[in-house]
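**Student:** Once you've had a glance at the structure underneath, I'll fire off some questions.
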Amino acid sequence: MVGGGFYALSGEIAGRVGLHAPLAFALAGLLALLSALSFAELSGRLPHSGGSARYVEEAFGRPRLAALVGWLVIGTGVVSAATLAVATTGFLRDLAPLPSVSTTLLLVLAMGLVAAWGIAEAVAVVVVITLLQIASLLYIVLSMGGVLGSLPAQASAILVPADLGAVAGLLGAAFLAFYAFIGFEDMVTVAEEVQDVRRALPAAVITSLLVTTALYVGVATVAVLAVPPAELAAADTPLARVVAEQGPLAVNAIVLVSMLAGVNSALVQMVMAARVAYGMAERRVAPAWLALVNARTQTPVRATALATLLVLVLALSFELEALAEATSAIILVVFTLVNLGLLRIKRRQPETPAAVLRLPIWVPGAGALVSAGLLLFQIGRWLS
């Protein structure tokens, strides 16, 4: 979640709504929180690597619907990983004039190899890069903190005016920003490998979303106050443009971290997609050959290979913004079904097992309405 989505899309969102970019990220985080709460409760009730597919199957008792959700989740993972591969290629172009196609090809294959290497090794890579990303975001806020002095004077410009067109533009930007928060639903797919899962995983889901939202709003505020939004939108690595006055060392460091962020987030998505495919195959709602686990690495190698191939095809075929919007659309369908699933489970089983988070029943209801509403709003924008 603290990853390539924000590094890649902060400029795009600033280009769309200008000084309202922090508000777009705040709104996206708030919308994501409703679904994150539902995933938190479900991860305690049903700790299974199938994640969303398993939740929908338990709620509705329809294997075909569960299989559809599982494939949608896999689709989210591979489209998102392709988005990040394209973004990372753009980051690399700020360091050297590399050919796009061969660079993307090598990136995706390298990530596929790490994903197949082993879950402990993949998680170790993810943790190290995530700490670097958080440090870089905090550095941007602290080093450019002087621009926050202009915040009181700019506050009225950051807030959205009472204008229907501006509100619609903000919602469209929030839909794109929603992509940057995708990740909490990936966490539940490693539930079978988490110690004290009923306590640890729900807390991790909620905490990670709150921390991510705070970081994104803070950095976006500094970015739009320090650099004209049009310049951010034109930059391959928008956050590097924010620290340009700090000198070439700071710029190159942010470009490098942006590149690592893209690789990091894409790797997580590929691991998640492979794990979901494995979980579905284990429950016989996907081809059995996807359930093969390598004896040495203990990873689902065939499922990982399939995810890698799909990521490669998408990354070489589509542009960044189209891939990001497609990811957001797919995941909103999944979130709608998962929220409806928790609503059904809570009505059928009002009591939760010991140590499991228990939400008011209105939370999954609101999550389903918000997810479906945002999706329908964006479809309307695409059609208009």
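Ordered as shown in the structure tokens, chains take letters A, B, and onward, while each chain numbers its residues from 1 and ligands are numbered from 1 in the order shown.
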Would you tabulate, counting only C-alpha atoms, all residues of stretch 126-244 of chain A that have an atom at most 9 Å from an atom of stretch 9-17 of chain A, showing the closest pair of atoms and their distance in Å to one decimal, sorted by chain then ascending number, as a Markdown table?

**Tutor:**
```
| residue | atom | partner | partner_atom | distance |
| --- | --- | --- | --- | --- |
| A:Ala166 | CA | A:Val17 | CA | 8.3 |
| A:Gly169 | CA | A:Val17 | CA | 6.7 |
| A:Leu170 | CA | A:Val17 | CA | 6.5 |
| A:Gly172 | CA | A:Arg16 | CA | 8.7 |
| A:Ala173 | CA | A:Ile13 | CA | 5.8 |
| A:Ala174 | CA | A:Ile13 | CA | 8.3 |
| A:Leu176 | CA | A:Ile13 | CA | 7.4 |
| A:Ala177 | CA | A:Ile13 | CA | 7.1 |
| A:Tyr179 | CA | A:Leu9 | CA | 8.7 |
| A:Ala180 | CA | A:Leu9 | CA | 7.7 |
| A:Tyr216 | CA | A:Ser10 | CA | 8.9 |
| A:Ala220 | CA | A:Ser10 | CA | 7.1 |
| A:Ala223 | CA | A:Ser10 | CA | 8.6 |
| A:Val224 | CA | A:Ala14 | CA | 7.1 |
| A:Pro228 | CA | A:Ala14 | CA | 8.7 |
| A:Pro229 | CA | A:Ala14 | CA | 5.0 |
| A:Ala230 | CA | A:Gly15 | CA | 5.4 |
| A:Glu231 | CA | A:Gly11 | CA | 8.0 |
| A:Leu232 | CA | A:Gly11 | CA | 4.6 |
| A:Ala233 | CA | A:Gly11 | CA | 4.1 |
| A:Ala234 | CA | A:Gly11 | CA | 7.2 |
| A:Ala235 | CA | A:Gly11 | CA | 7.0 |
| A:Asp236 | CA | A:Gly11 | CA | 8.3 |
| A:Thr237 | CA | A:Gly11 | CA | 8.0 |
| A:Pro238 | CA | A:Gly11 | CA | 5.4 |
| A:Leu239 | CA | A:Ser10 | CA | 7.8 |
```

**Student:** Pull C-alpha atoms from the residues just selected and write them as a PDB file, in the first residue's frame.

**Tutor:**
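Generated output (part_15.pdb):
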```pdb
ATOM      1  CA  ALA A 166     -15.596  20.293  -9.214  1.00  0.00           C
ATOM      2  CA  GLY A 169     -13.783  15.931 -10.847  1.00  0.00           C
ATOM      3  CA  LEU A 170     -12.759  15.198  -7.264  1.00  0.00           C
ATOM      4  CA  GLY A 172     -12.983  10.939 -10.563  1.00  0.00           C
ATOM      5  CA  ALA A 173      -9.572  11.704  -9.038  1.00  0.00           C
ATOM      6  CA  ALA A 174     -10.483   9.744  -5.901  1.00  0.00           C
ATOM      7  CA  LEU A 176      -7.878   6.892  -9.621  1.00  0.00           C
ATOM      8  CA  ALA A 177      -6.296   7.527  -6.192  1.00  0.00           C
ATOM      9  CA  TYR A 179      -5.648   2.401  -6.789  1.00  0.00           C
ATOM     10  CA  ALA A 180      -2.885   3.630  -4.466  1.00  0.00           C
ATOM     11  CA  TYR A 216      -0.315  10.107   1.275  1.00  0.00           C
ATOM     12  CA  ALA A 220       0.388  15.224  -1.528  1.00  0.00           C
ATOM     13  CA  ALA A 223       3.838  18.307  -3.336  1.00  0.00           C
ATOM     14  CA  VAL A 224       1.078  20.612  -4.622  1.00  0.00           C
ATOM     15  CA  PRO A 228       2.719  23.617  -9.803  1.00  0.00           C
ATOM     16  CA  PRO A 229       0.340  20.666 -10.397  1.00  0.00           C
ATOM     17  CA  ALA A 230       0.905  20.816 -14.168  1.00  0.00           C
ATOM     18  CA  GLU A 231       4.634  20.226 -13.634  1.00  0.00           C
ATOM     19  CA  LEU A 232       3.915  17.267 -11.359  1.00  0.00           C
ATOM     20  CA  ALA A 233       1.632  15.780 -14.017  1.00  0.00           C
ATOM     21  CA  ALA A 234       4.328  16.138 -16.692  1.00  0.00           C
ATOM     22  CA  ALA A 235       7.067  14.425 -14.655  1.00  0.00           C
ATOM     23  CA  ASP A 236       7.864  10.703 -15.017  1.00  0.00           C
ATOM     24  CA  THR A 237       8.853  10.704 -11.331  1.00  0.00           C
ATOM     25  CA  PRO A 238       6.702  13.432  -9.727  1.00  0.00           C
ATOM     26  CA  LEU A 239       8.087  13.073  -6.198  1.00  0.00           C
TER      27      LEU A 239
END
```

**Student:** With only C-alpha atoms counted and 7 Å as the cut-off, give the residues of stretch 39-110 of chain A in contact with stretch 304-328 of chain A, each with its shortest interatomic distance in Å and the pair that gives it, as CSV.

**Tutor:**
```
residue,atom,partner,partner_atom,distance
A:Thr76,CA,A:Thr327,CA,5.3
A:Val78,CA,A:Val311,CA,5.0
A:Val79,CA,A:Thr327,CA,5.9
A:Ser80,CA,A:Thr327,CA,5.8
A:Ala81,CA,A:Val311,CA,6.2
A:Ala82,CA,A:Ala315,CA,4.5
A:Thr83,CA,A:Leu323,CA,5.4
A:Ala85,CA,A:Ala315,CA,6.4
A:Val86,CA,A:Ala315,CA,5.9
A:Ala87,CA,A:Leu320,CA,6.6
A:Val101,CA,A:Leu316,CA,6.7
A:Leu105,CA,A:Leu312,CA,6.6
A:Val108,CA,A:Leu312,CA,6.2
A:Leu109,CA,A:Thr308,CA,6.9
```

**Student:** Calculated over only C-alpha atoms, which of the candidates A:Ser35, A:Ser43, A:Ser136, A:Asn294 has the smallest distance to A:Val251?

**Tutor:**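 Looking only at the distances to A:Val251, the closest residue turns out to be A:Ser136.
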
**Student:** Run DSSP on the backbone and tell me which residues of stretch 146-353 of chain A come out as helix (DSSP H, G or I); list them as a PyMOL selection string.

**Tutor:** chain A and resi 146-158+164-181+184-193+197-226+229-234+238-242+244-246+248-282+288-291+301-315+320-348

**Student:** Looking at A:Leu201, A:Leu95, A:Leu369, A:Val334, which one is nearest to A:Ser52, with distances taken over only C-alpha atoms?

**Tutor:**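 Counting only C-alpha atoms, the residue closest to A:Ser52 is A:Val334.
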
**Student:** Tell me, as a PyMOL selection string, which residues lie within 12 Å of A:Leu65, counting only C-alpha atoms; anything in the same chain fewer than 4 positions away does not count.

**Tutor:** chain A and resi 52-61+69-72+280+285+334+337-338+341

**Student:** If you keep N, CA, C and O atoms, can you produce a file of those selected residues as a PDB file, in the first residue's frame?

**Tutor:**
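Output below, filename part-v2.pdb:
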```
ATOM      1  N   SER A  52     -10.827 -13.241  -0.680  1.00  0.00           N
ATOM      2  CA  SER A  52     -12.160 -12.791  -1.093  1.00  0.00           C
ATOM      3  C   SER A  52     -13.011 -13.919  -1.651  1.00  0.00           C
ATOM      4  O   SER A  52     -14.219 -13.991  -1.387  1.00  0.00           O
ATOM      5  N   ALA A  53     -12.407 -14.789  -2.443  1.00  0.00           N
ATOM      6  CA  ALA A  53     -13.163 -15.909  -3.026  1.00  0.00           C
ATOM      7  C   ALA A  53     -13.720 -16.809  -1.937  1.00  0.00           C
ATOM      8  O   ALA A  53     -14.866 -17.261  -2.009  1.00  0.00           O
ATOM      9  N   ARG A  54     -12.915 -17.053  -0.919  1.00  0.00           N
ATOM     10  CA  ARG A  54     -13.371 -17.898   0.195  1.00  0.00           C
ATOM     11  C   ARG A  54     -14.491 -17.217   0.960  1.00  0.00           C
ATOM     12  O   ARG A  54     -15.462 -17.861   1.369  1.00  0.00           O
ATOM     13  N   TYR A  55     -14.405 -15.912   1.164  1.00  0.00           N
ATOM     14  CA  TYR A  55     -15.435 -15.188   1.890  1.00  0.00           C
ATOM     15  C   TYR A  55     -16.775 -15.251   1.155  1.00  0.00           C
ATOM     16  O   TYR A  55     -17.832 -15.479   1.758  1.00  0.00           O
ATOM     17  N   VAL A  56     -16.720 -15.026  -0.160  1.00  0.00           N
ATOM     18  CA  VAL A  56     -17.961 -15.040  -0.958  1.00  0.00           C
ATOM     19  C   VAL A  56     -18.559 -16.440  -0.994  1.00  0.00           C
ATOM     20  O   VAL A  56     -19.785 -16.610  -0.916  1.00  0.00           O
ATOM     21  N   GLU A  57     -17.710 -17.447  -1.083  1.00  0.00           N
ATOM     22  CA  GLU A  57     -18.219 -18.823  -1.075  1.00  0.00           C
ATOM     23  C   GLU A  57     -18.916 -19.147   0.241  1.00  0.00           C
ATOM     24  O   GLU A  57     -19.993 -19.756   0.266  1.00  0.00           O
ATOM     25  N   GLU A  58     -18.319 -18.726   1.347  1.00  0.00           N
ATOM     26  CA  GLU A  58     -18.921 -18.977   2.658  1.00  0.00           C
ATOM     27  C   GLU A  58     -20.243 -18.232   2.802  1.00  0.00           C
ATOM     28  O   GLU A  58     -21.204 -18.748   3.379  1.00  0.00           O
ATOM     29  N   ALA A  59     -20.308 -17.012   2.269  1.00  0.00           N
ATOM     30  CA  ALA A  59     -21.505 -16.188   2.431  1.00  0.00           C
ATOM     31  C   ALA A  59     -22.667 -16.665   1.580  1.00  0.00           C
ATOM     32  O   ALA A  59     -23.814 -16.739   2.048  1.00  0.00           O
ATOM     33  N   PHE A  60     -22.393 -17.010   0.322  1.00  0.00           N
ATOM     34  CA  PHE A  60     -23.474 -17.279  -0.624  1.00  0.00           C
ATOM     35  C   PHE A  60     -23.596 -18.751  -1.017  1.00  0.00           C
ATOM     36  O   PHE A  60     -24.590 -19.140  -1.636  1.00  0.00           O
ATOM     37  N   GLY A  61     -22.589 -19.556  -0.678  1.00  0.00           N
ATOM     38  CA  GLY A  61     -22.663 -20.987  -0.984  1.00  0.00           C
ATOM     39  C   GLY A  61     -22.720 -21.287  -2.463  1.00  0.00           C
ATOM     40  O   GLY A  61     -23.280 -22.317  -2.857  1.00  0.00           O
ATOM     41  N   VAL A  69     -15.180 -14.382  -8.297  1.00  0.00           N
ATOM     42  CA  VAL A  69     -14.500 -13.415  -7.437  1.00  0.00           C
ATOM     43  C   VAL A  69     -13.007 -13.713  -7.379  1.00  0.00           C
ATOM     44  O   VAL A  69     -12.172 -12.802  -7.439  1.00  0.00           O
ATOM     45  N   GLY A  70     -12.665 -14.995  -7.270  1.00  0.00           N
ATOM     46  CA  GLY A  70     -11.254 -15.361  -7.243  1.00  0.00           C
ATOM     47  C   GLY A  70     -10.519 -14.915  -8.488  1.00  0.00           C
ATOM     48  O   GLY A  70      -9.420 -14.355  -8.410  1.00  0.00           O
ATOM     49  N   TRP A  71     -11.133 -15.124  -9.656  1.00  0.00           N
ATOM     50  CA  TRP A  71     -10.495 -14.701 -10.901  1.00  0.00           C
ATOM     51  C   TRP A  71     -10.435 -13.178 -11.008  1.00  0.00           C
ATOM     52  O   TRP A  71      -9.484 -12.624 -11.573  1.00  0.00           O
ATOM     53  N   LEU A  72     -11.445 -12.491 -10.451  1.00  0.00           N
ATOM     54  CA  LEU A  72     -11.394 -11.028 -10.420  1.00  0.00           C
ATOM     55  C   LEU A  72     -10.229 -10.538  -9.551  1.00  0.00           C
ATOM     56  O   LEU A  72      -9.532  -9.578  -9.900  1.00  0.00           O
ATOM     57  N   MET A 280      -7.732 -21.291  -4.730  1.00  0.00           N
ATOM     58  CA  MET A 280      -8.898 -21.703  -5.515  1.00  0.00           C
ATOM     59  C   MET A 280      -8.727 -23.119  -6.052  1.00  0.00           C
ATOM     60  O   MET A 280      -9.665 -23.922  -6.032  1.00  0.00           O
ATOM     61  N   VAL A 285     -12.028 -24.958  -7.389  1.00  0.00           N
ATOM     62  CA  VAL A 285     -12.781 -23.983  -8.190  1.00  0.00           C
ATOM     63  C   VAL A 285     -11.865 -23.331  -9.220  1.00  0.00           C
ATOM     64  O   VAL A 285     -12.206 -22.304  -9.803  1.00  0.00           O
ATOM     65  N   VAL A 334     -15.104  -6.514  -6.553  1.00  0.00           N
ATOM     66  CA  VAL A 334     -14.779  -7.473  -5.495  1.00  0.00           C
ATOM     67  C   VAL A 334     -15.196  -6.933  -4.130  1.00  0.00           C
ATOM     68  O   VAL A 334     -15.809  -7.643  -3.318  1.00  0.00           O
ATOM     69  N   LEU A 337     -18.940  -7.223  -3.496  1.00  0.00           N
ATOM     70  CA  LEU A 337     -19.367  -8.588  -3.189  1.00  0.00           C
ATOM     71  C   LEU A 337     -18.893  -9.029  -1.804  1.00  0.00           C
ATOM     72  O   LEU A 337     -19.630  -9.704  -1.076  1.00  0.00           O
ATOM     73  N   VAL A 338     -17.687  -8.661  -1.422  1.00  0.00           N
ATOM     74  CA  VAL A 338     -17.167  -9.054  -0.103  1.00  0.00           C
ATOM     75  C   VAL A 338     -17.959  -8.375   1.005  1.00  0.00           C
ATOM     76  O   VAL A 338     -18.307  -9.002   2.017  1.00  0.00           O
ATOM     77  N   GLY A 341     -21.144 -10.033   1.265  1.00  0.00           N
ATOM     78  CA  GLY A 341     -20.928 -11.335   1.879  1.00  0.00           C
ATOM     79  C   GLY A 341     -20.846 -11.246   3.386  1.00  0.00           C
ATOM     80  O   GLY A 341     -21.449 -12.063   4.106  1.00  0.00           O
TER      81      GLY A 341
END
```

**Student:** With distances taken over only C-alpha atoms, which of A:Asn264, A:Thr221, A:Ser143, A:Ser49 is nearest to A:Glu245?

**Tutor:**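 The shortest atom-to-atom distance to A:Glu245 comes from A:Ser143.
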
**Student:** What is the distance between atom CA of A:Val363 and atom CA of A:Leu210, in Å to one decimal?

**Tutor:**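 So the answer is 16.6 Å.
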
**Student:** Go through A:Arg199, A:Val123, A:Gly247, A:Leu359 and flag the residue nearest A:Met272, using only C-alpha atoms for the distances.

**Tutor:**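 Using only C-alpha atoms, the shortest distance to A:Met272 belongs to A:Val123.
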
**Student:** Skipping near chain neighbours, those fewer than 5 positions away, what residues fall within 9 Å of A:Gly44 using only C-alpha atoms, listed as a list in words?

**Tutor:**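 Result of the neighbour search: Phe39, Ala191, Val197, Arg198, Arg199, Ala200, Leu201, Pro202, Pro353, Ala355, Val356 and Leu357 of chain A.
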